[in-house]
Structures are given as C-alpha cells and as structure tokens.
Amino acid sequence: MTESSNLRIAVVGAGPGGYAAAFLAADLGMNVTLIDPELNPGGVCLYRGCIPSKALLHVAKLIDESRHAKNWGVEFADPKIDLAQLRSWKEGVVKKLTGGLGQLSKQRKVTYFQGTAGFENSTTLRITKNDGSAESLSFDRIVLATGSRPVIIPSLKLNTPRMLDSTSALDLSDVPGSLLVIGGGYIGLELGTVYAALGSKVSVVEMLPGLLPGADRDLVLPLHKRLEKIFDSILLNTTVAGVKEEANGICVTFDGPDVKEKELVFDKVLVSVGRKPNSEIPGLDKTQVQADAKGFIKINAQRQTDDPAIYAIGDVAGEPMLAHKASHEGRTAIEAIAGHKVAFEPNAIPAVVFTDPEIAWAGLTETQAQKDNREITVARFPWAASGRALTLDRTEGMTKLIIDPKTERVLGVGIVGAGAGELIAEGVLAIEMGACAKDLALTIHPHPTLSETVMFSAEVFFGTATDIYRPKKR
Amino acid sequence: MTDFKLPELGENIHQGDLVRLLISPGASIAEGQPVMELETDKAVVEVPSSISGKVKDIRVKEGEKVKVGQVIFTVENGSGAKAEPAAKPVPAPAAVPQVAPQKTEVVPQKEEARAAAASSSTVPTSPAVSSSFGPSEFRLPELGENIHQGDLVRLMIAPGAKVSEGQPVMELETDKAVIEVPSSVSGTVKDIRVKAGEKVKVGQVIFTLEGGASAAPEKPKHLPVEHVSGQHSARLAYQMAVQAEGKTEEEVFKPDAPSASLPSFSMPPQLGKVAGTEHGEPVPAAPSVRRLAREIGVDIHQVTGSGPGGRISEDDVKLFAKSLLAAAAAPSATHFAEPALPDFSKWGKIERVAMRGVRRKTAEHLREAWNTIPHVTQQDKADITELEQLRARFAPKAEEAGGKMTVTAIALKVCASALKVFPQFNASIDIGKEEVVYKQYINIGVAVDTDRGLLVPVIRDVDKKNIVELAAELTQMSKKAKEKKLQPADMEGGTFTITNLGGIGGTGFSPIVNHPEVAILGLSRSSMEPVWMNGKFEARRVLPLSLSYDHRLIDGADAARFLRWIAEAFEQPFLLSVQG
C-alpha cells in the first residue's frame, strides 16, 4: 500500500457507492476528496430512497398488523395518524444516519465539499460549492459515483403538487384520498403500500401483463394476491395515454385491451417508471469517458472508464441500480486504483422488494433459465408447512432453490414472504461459495425460524423433506 | 399437403447448416425459387424449391443442421415433385447479373450507378414473400473465407438516421483488414444492436429498420466469398453517385441526433447484463478463492474443481498454477500464460491501447510460428551488378505496364523458379497426419509495411507471369495494402514469402517463417563491395540474402543449395530462362 498512499483521489457523489469508495481509499492511506450537494454523505439511498422508504414501510406494516390482530383476539382502535410526527421520525432516521457518515468522513480526514463538480480535463475538477464559490483541483484518479434520478416522461409531466415522483412521495405532504401509481416496479409497489396503509385508495397501472416485470411469477403471485386486497385496483396491460389537471384532481386517460373506464380522476398521481443515470457531468467531453446509448458510463471489470484516470461505479455505471452493488463496486474500484489485482466478479447480486410480503432473489432465476434454455431443477418449499410461518400467521410465503441437476450446485434462490429480504443473504452466500443442495440440507438451521425453509427446500430436492411429503420424481 | 425435403446436394454431402431461410409461412413459392441458404462443408449453396404452393409450416430454424431428406417445409395445395433431386441446388453464383428493381431514391441522380450498386449486392426478391414482417434488419454479411467476426471500429449511423443501400454503416477491423461495410437495406434506423469496440459476428443483427424500403423479410442475399468485392463496388457506385451531386457523403447523410431512449426498468440483476462483468457464468469458487486466482494470474474459468459439484478450492487454483508453470517450462508448450506484468504506471504515465485486428493477429500468428517451427537462417550474398544494368534498361517497360521494376519484383520471379527446382520449399507439414503437402502452384506473399501493421498480399501463379507483369501486380498490391483496400482473399493461399527491408537499410536479419509455409526469403540493402574476380578486387553491387526455413522439413544442405541457386539466378539472370 505504500505506493498508493500518496495518491490524490476525488470521489464525485457521496451515495452508498461514493462514500464506500472514499472511506476505503482513506483507510488505504490515500488523500481523499468527496464531493456531493448534500450536507453529509448518503446520496439518494439515505436521503430520498431506501432508508426513508423502509422507515415508512415499517410503520405501514405495524398498521396492517394491528388491523390483522383482530383475528388473534386482540382488537385495536383505528390508528390516529400524526403525519408531522411520522415525517419528523423518518427525517430523524435520515439525519442520524447521514450525520453519522459525516462524522466517519471527518474521522477519516476525507475532505468533503458540499457542491458539484465538472471536468476541466481528465484529472482536474472544477468544484462549485453550494455557497457559490468555486475552485479547480487536480487529482491522480477520479471516481464517478453520480447515481441516477427518476425518469420523467414528457407526456406525464404536469407542473402541480398533485404529480409525485419517488422523492416527493417520500416527503409525505399529505395522505391523498386516492392515489394512482404509474409503474408496477418495486418503487411504485413499496410507496403504494405505504400510502394504502395510511388510508389512501391506491391504484397501480402497469404496461406489462404482470407486476414486477422480470421477477419469477411464482414469487410475485402471493404479493399480487395481497396487494389486490389492500389496493383499490391493479390495472395490467394498461398504459397511461395522458394526464390533465382538473379542479378536483388529476384526470388520467388509460389505454389498453382490458380498460373498463377510459378516464378516472385521482387526488394524486405517483410516476415511478424507472430511473436514469446522471451521466451528464459538465466537461465529461474533455475526457475520454464514453457512455452507452442508455447513458450509462462504460467501464471495465475494474470499473475503469475509457479514460485511464477515471473510474465509475454505481447507478451511473449500469444496471442493476442497487445500493449494495454500488458499494461493492466502489471498494473494487479503489482496490484496483491501489494496485491490487481485483475485478468486480460477484456470482450473485441479491434483489429485494420491501413490500409485504417481501420478495427477494439472487443468482439465476427460473425466467432467465428458461430464456437460456438451461436445464435446472427447482425445489420449492411452501411456507404453509413451516411452523414459524404458522405462528406468524403468514403462510403465503415460499422458498425455492434453482439447482443444476448435474452438479447439484445451487445456482439461484428465490423467496417470497415476511422477512424474505433478511433470508436471502444465506442464499447469496450459498451461491458465492459454490454450495451444493446437500450442503444446505446438512447445515443445521435453528428451529423454529423461517430460515429453516432454505434447508427444507434443499431437502425437497432430494425428496426427503421432513415436514412435507413430496417424493422425488423419476 | 406436400412436403419439401432437402434434396441431394452432391457427393458426400449429407447435411448442412441452415444459414438463412428465404421464405416465411403464408408466402407463395414457385418451383425453382430459392428457399434457403445452406452452408455445407464445401460451400454456401442456395437451395431452390422443387414444389410450388403456399408455405404452411416451416420445420427448420436458422442455425440448425439440416440433413438430406429432412422435411424443410410443407405447402398447401402443393404441386410438383416430392423432393425429387430434379431441383439440383445451384452454388451461389460468383457474380450476379440481374439488376435489382429501383429502390426509393435518396440520391435521385445517377440511376445507373445506383442500379449497379444494387445489383452487385442484391438480387430481386420475390414480392410474394415481402409482407407481414415488422421492421427489417441488417445483419453482418459474409466477409470472406475464414472470417467469422471483426472488431467494430466505428459506427457511421445513429438511431433515427436514414440509410440507403450502399451507404457505409460501419468500419470493421477483421484479422486481415479494415473494411467499410455498406448497408444492403434502406430505411430509417430504429435500433442499433452493436457498439463500437465490440466484436461482431457474421450473421449478427447490426441494426433494425423502421418500415424498411427494401423488401423486408429476406434481406438482399449475401453472396459468400465474392461478396466483399460486390460490396466494394456497391460502395464505389454509391460514392460516385454522391460525388456526381457535388456533395460529400456527410452532407448527404447527416448523422441524426440519437433519439432519447427510455431506459428499461430492469430490476432483476442478471449478471450477464452487469456492465464490465467478464463472464456471465458464475464459477463454483468462493470469493476468496476467486480473488487468490486473480492475484496469482490464473483464469479461474480454466480451473477444474475437485470438490462436490465441481467446487474449486484454493488448492485447485495453486495446483493449476503449478501445472501452468510446468507447461511453460516445457519446450513444447504453445499456450502458456504470459508472466504477469508489473504496474508500469508506478514509474510514470502510461497509455493502454487495445491490440486490435492486424496487430493482435500478427502477435498470435508469429508466436505460433515461432513456437511451432524450429528456425534456422541461412545467409548469402548475390552479385547483382549485371542485374542492376538490366533493371535500369527494363524499368521503362515496367512503368508502361503500370509497375516499378524493383528488386522485389525480380526476386519474385527468381524465387518462383527456385521453388520449381526445390519443391520441398513450396510445401507444408501436416504433422497430425504425418504427411508433407507439396503444392503444385506457386503463390508468393510479399510483406508490406503499412500504418496498420504488417500485411502480406499474395501474388498468384508467379511462375506463369513475366517480370513486367509481376512488377505491375506488385505495385498494385502494395498500393492496395497501404490504402487499406486489400480484401481478405488477397492475403490467402501463399506458398512462400519474400520480405524486403532493403529500402530501410541493414545488412542481414532473421525473418520468421510465415506458418504453414516452410521458408521465407529476406532481402537487405544492396551495397557496393570489393569482390575478388579476375585476379583483382572489383567494385560490385552485392545484395545480402537471408533465408529462414523450417528445419523439420528442410536440411541445412538443401537450404544452402536453394539459397545459392537464388544468388546465382540473381547473378546470371539467364539461368531463369534455362532452368526456371
């Protein structure tokens, strides 16, 4: 590390990728500058994404369970919701986390500029601080971690507080009587769940024939069933032809084969149709950095761009746009800069949808295996046979393993159910370690927990699961 | 209902790869109409239908192997012989005489030129088939023998741009040359499926069109082998047409600004799609083991795991590394891992440049040649004083024929004669079959120094041409090489190579044999030297000769004789007409 310790590093963007990179660089003895418009590190994930939405989803789950408790002989009165208090709690969580990161940044002697940066050349940044002052600084290496932002579709752009994107939806300015969510991806479904629990009548419209396009259908089904109960309607195969503001709300025109009412009025409309990379960095044309047609910056296995002095990580460098992928990339990039022989080469990147039930998967999906025409064996364990799921009164879940029939290696894991997001970590480790079904079946899991379902599904593969009678075929 | 079965294709041909289907369900076909292109071991052939009617059901897919007698498709209300061999497949013709129907004109003038452009790359398509398909697409056509892919150097189109037939759409660097690939379709570009810097394979979709003006489903037929020159003339005709308008190509087709494309909302992290991941397929090795492999320079994908389910342990990686080292130490090793490089940037700024096409191919080819062939280089000198006088005398004649009477041109003739006398120098070794292949033709490659690297165009049937003809052909070939116009076929089929560094200088060198040839002649700079003759030193012009040869096939004595023969032929050109 001695040779890398004098390197001057700039990290542009302080999201989970950017601050992970900056902190590791500092730990390796480099001279680090971190630039972000926010007061403290955190990025979209902490300020306007993962963290605030999870805080609200936790509350949503509590409200939902308190209603459900009637079935267990405990009845609560209807909840009284103090929006101001809820907002301030959520903001408190964000402040605590980002403030903590600010502390860590100081302890590591990272120079933090609150502002934005553009390129003067491949190694010189023009940093414009939020107070209006500007200065040019040179670095040995620059890491771009500028993230992404919600896609704005011109036909759905209305300049009114009734139109929301994920950021304004998290601000929680009120609880609208009715809310339309455009886009059946994870962001729309998570936020829709929050508003439904708080009392809004929520509708979701999705262009494709199913929610969460790309995820295995058997994982989506239990969620779909539950959402049908808490949402007002789920419109599939439907596009939004137009929106216009009227006195009493937003009038939305629908288009599609299954449309019954062509026009409906909603108090608010949330557009969550995707995110796009923030690759329009001033002066990028003065470097050799290249972007692809979708705007993602092109990188190699070390996260190095076409310009040898510049690296790019996280959302701006390509799909999947996930915080945990960005942090891993950030660390990889810094290790590469430090001269270590590394590459971004995970065997699996887990994905979690924090709805209720949660959906999580890692590695190969059934959908992808079918597309690739790849032979797999799928071992499913329905949670109806799990003691723990019964005690939670949440038996709609399912755990499945995607297994290579020849080597019996675990190629993929998919879980739907309460707490699936926590359970998937074992699956990721199994895939990363090259574990076989036997390894999972022979590992003692604590009873009674939902984690047992991972071991049980491995036993299903061998046709010897204790709690379910499903003899092996053939 | 009638079936069309794959008819007999010729002796010893039992199957072929279906390259392209030229029909679609619902189309009407007539007897004799081509229905598919099939690649057999010997050639790409067009298979004509032996029945007519309306296509009902197609039973094969592009890319599949198809056997003789296999049902290809069925027709309703069919008529005609059932898979009679009457319909003999015709090998795709080398030149296509038909003239394509006039397409929508983007450049209205010079219709002849455009028609010529169209005719060399397309044949008329059946109107019956050209319906019911979505946007047409442009696939990378055949580029020449043994060329299956290339590096995309530069795209010349953008989504939303208009392309017309013959317009160049990209620059592709193959192992042998940089080629501009012209479009064979016209319309508005919808979707570009490739990126600059990527490898592109023959048959891969390059872009799709919105409402292509050219008949949609079957793209204009691409003729194998001869196709490059067809494309080339299409390109020239197109350029002429544009120039006739007094415009540059860029003025005619301004690259349109790319339209904003909506990013797809893809949550599932398919690793294959994650930018910069090197392999789609996960390896059964723990992250720590993968890291170890990378650190010691082992490609983890090459390691066989000894654990359950093929799991790779640390020990597996170390064992594999050891076996690599052992293989590297063994003299016969051809593909050992190169030792790891230090981090050069520690000592100053560096620039990394991709080793593309010609340079990479040269590196691979020469390493293979060096590792395969036990080289020996024999040196000699030829007194070319008399020859120089002859050369000066005949230079105007060569110039009349459009060539330059160079030492290389004369060396071509000398070597051709020598190869006739010493056939083992015009041979190859087939070590697998333990046979020597003697070639009964003499094609000599000449190394040409270009700004893209070393290229070796081949002059054919050198023994059947005179020096003036050879001089003209050589001049033309070097010009083509320097202008990047050499076609892959121009560089194939050599039996011997000449490399002349005399223009630069030097007194001798050891050329590397151009495998699978067995010998190469190097020429250095001739100079005036004192030569002992007729009892005194005389000032003579002397040409240094360096012959490298494959010692497996050629003995030292033979090489010395061969080179002496060449030296004497230079000294006494009369020998050529007597023995050559």
# chains A, B, ... in the order shown; residues from 1 in each chain; ligands from 1

call {"tool": "residues_around", "arguments": {"residues": "region 151-160 of chain A", "least_positions_apart": "3", "cutoff": "7 Å", "atoms": "only C-alpha atoms", "output": "PyMOL selection string"}}
result
chain A and resi 163+242-243+273-276

call {"tool": "residues_around", "arguments": {"residues": "region 142-145 of chain A", "least_positions_apart": "6", "cutoff": "10 Å", "atoms": "only C-alpha atoms", "output": "VMD selection string"}}
result
chain A and resid 8 to 19 21 to 22 32 to 36 43 122 to 125 278 to 279 281 297 303 to 305 308 to 317 326 to 327 329 to 330 333 to 334 337

call {"tool": "residues_around", "arguments": {"residues": "Val194 (chain A)", "least_positions_apart": "6", "cutoff": "10 Å", "atoms": "only C-alpha atoms", "output": "PyMOL selection string"}}
result
chain A and resi 53-61+63+169-170+172+175+200+202+355

call {"tool": "select_by_dssp", "arguments": {"residues": "region 201-333 of chain A", "states": "strand (DSSP E or B)", "output": "VMD selection string"}}
result
chain A and resid 201 to 205 233 to 235 239 to 246 249 to 255 263 to 266 268 to 271 275 to 277 291 297 304 310 to 312

call {"tool": "residues_around", "arguments": {"residues": "Val289 (chain A)", "least_positions_apart": "2", "cutoff": "8 Å", "atoms": "only C-alpha atoms", "output": "PDB file with N, CA and C atoms, in the first residue's frame"}}
result
ATOM      1  N   LEU A 284     -17.455  16.402 -19.276  1.00  0.00           N
ATOM      2  CA  LEU A 284     -17.112  14.999 -19.494  1.00  0.00           C
ATOM      3  C   LEU A 284     -16.523  14.791 -20.900  1.00  0.00           C
ATOM      4  N   ASP A 285     -16.922  15.682 -21.811  1.00  0.00           N
ATOM      5  CA  ASP A 285     -16.409  15.582 -23.183  1.00  0.00           C
ATOM      6  C   ASP A 285     -14.934  15.961 -23.261  1.00  0.00           C
ATOM      7  N   THR A 287     -12.797  14.561 -21.413  1.00  0.00           N
ATOM      8  CA  THR A 287     -12.100  13.343 -21.012  1.00  0.00           C
ATOM      9  C   THR A 287     -12.355  12.285 -22.080  1.00  0.00           C
ATOM     10  N   ALA A 291     -20.043   6.907 -22.865  1.00  0.00           N
ATOM     11  CA  ALA A 291     -21.293   6.392 -22.288  1.00  0.00           C
ATOM     12  C   ALA A 291     -22.008   5.581 -23.357  1.00  0.00           C
ATOM     13  N   ILE A 297     -22.209   5.032 -18.104  1.00  0.00           N
ATOM     14  CA  ILE A 297     -20.792   5.190 -18.430  1.00  0.00           C
ATOM     15  C   ILE A 297     -20.171   3.816 -18.604  1.00  0.00           C
ATOM     16  N   LYS A 298     -19.392   3.690 -19.664  1.00  0.00           N
ATOM     17  CA  LYS A 298     -18.790   2.383 -19.972  1.00  0.00           C
ATOM     18  C   LYS A 298     -17.563   2.135 -19.094  1.00  0.00           C
ATOM     19  N   THR A 305     -13.072   3.553 -16.575  1.00  0.00           N
ATOM     20  CA  THR A 305     -13.729   4.003 -17.799  1.00  0.00           C
ATOM     21  C   THR A 305     -12.718   3.974 -18.941  1.00  0.00           C
ATOM     22  N   ASP A 306     -13.131   4.444 -20.101  1.00  0.00           N
ATOM     23  CA  ASP A 306     -12.213   4.517 -21.241  1.00  0.00           C
ATOM     24  C   ASP A 306     -11.097   5.521 -20.993  1.00  0.00           C
ATOM     25  N   ASP A 307     -11.265   6.347 -19.971  1.00  0.00           N
ATOM     26  CA  ASP A 307     -10.201   7.264 -19.574  1.00  0.00           C
ATOM     27  C   ASP A 307      -9.470   6.631 -18.388  1.00  0.00           C
ATOM     28  N   ILE A 310      -9.997   7.785 -14.826  1.00  0.00           N
ATOM     29  CA  ILE A 310     -11.358   7.952 -14.299  1.00  0.00           C
ATOM     30  C   ILE A 310     -12.051   6.595 -14.155  1.00  0.00           C
TER      31      ILE A 310
END

call {"tool": "interface_residues", "arguments": {"of": "chain A", "to": "chain B", "cutoff": "6 Å", "atoms": "only C-alpha atoms", "output": "PyMOL selection string"}}
result
chain A and resi 214+274+299-301+318-320+341+347+407+409+432-434

call {"tool": "residues_around", "arguments": {"residues": "Thr362 (chain B)", "least_positions_apart": "4", "cutoff": "12 Å", "atoms": "only C-alpha atoms", "output": "count of residues only"}}
result
20
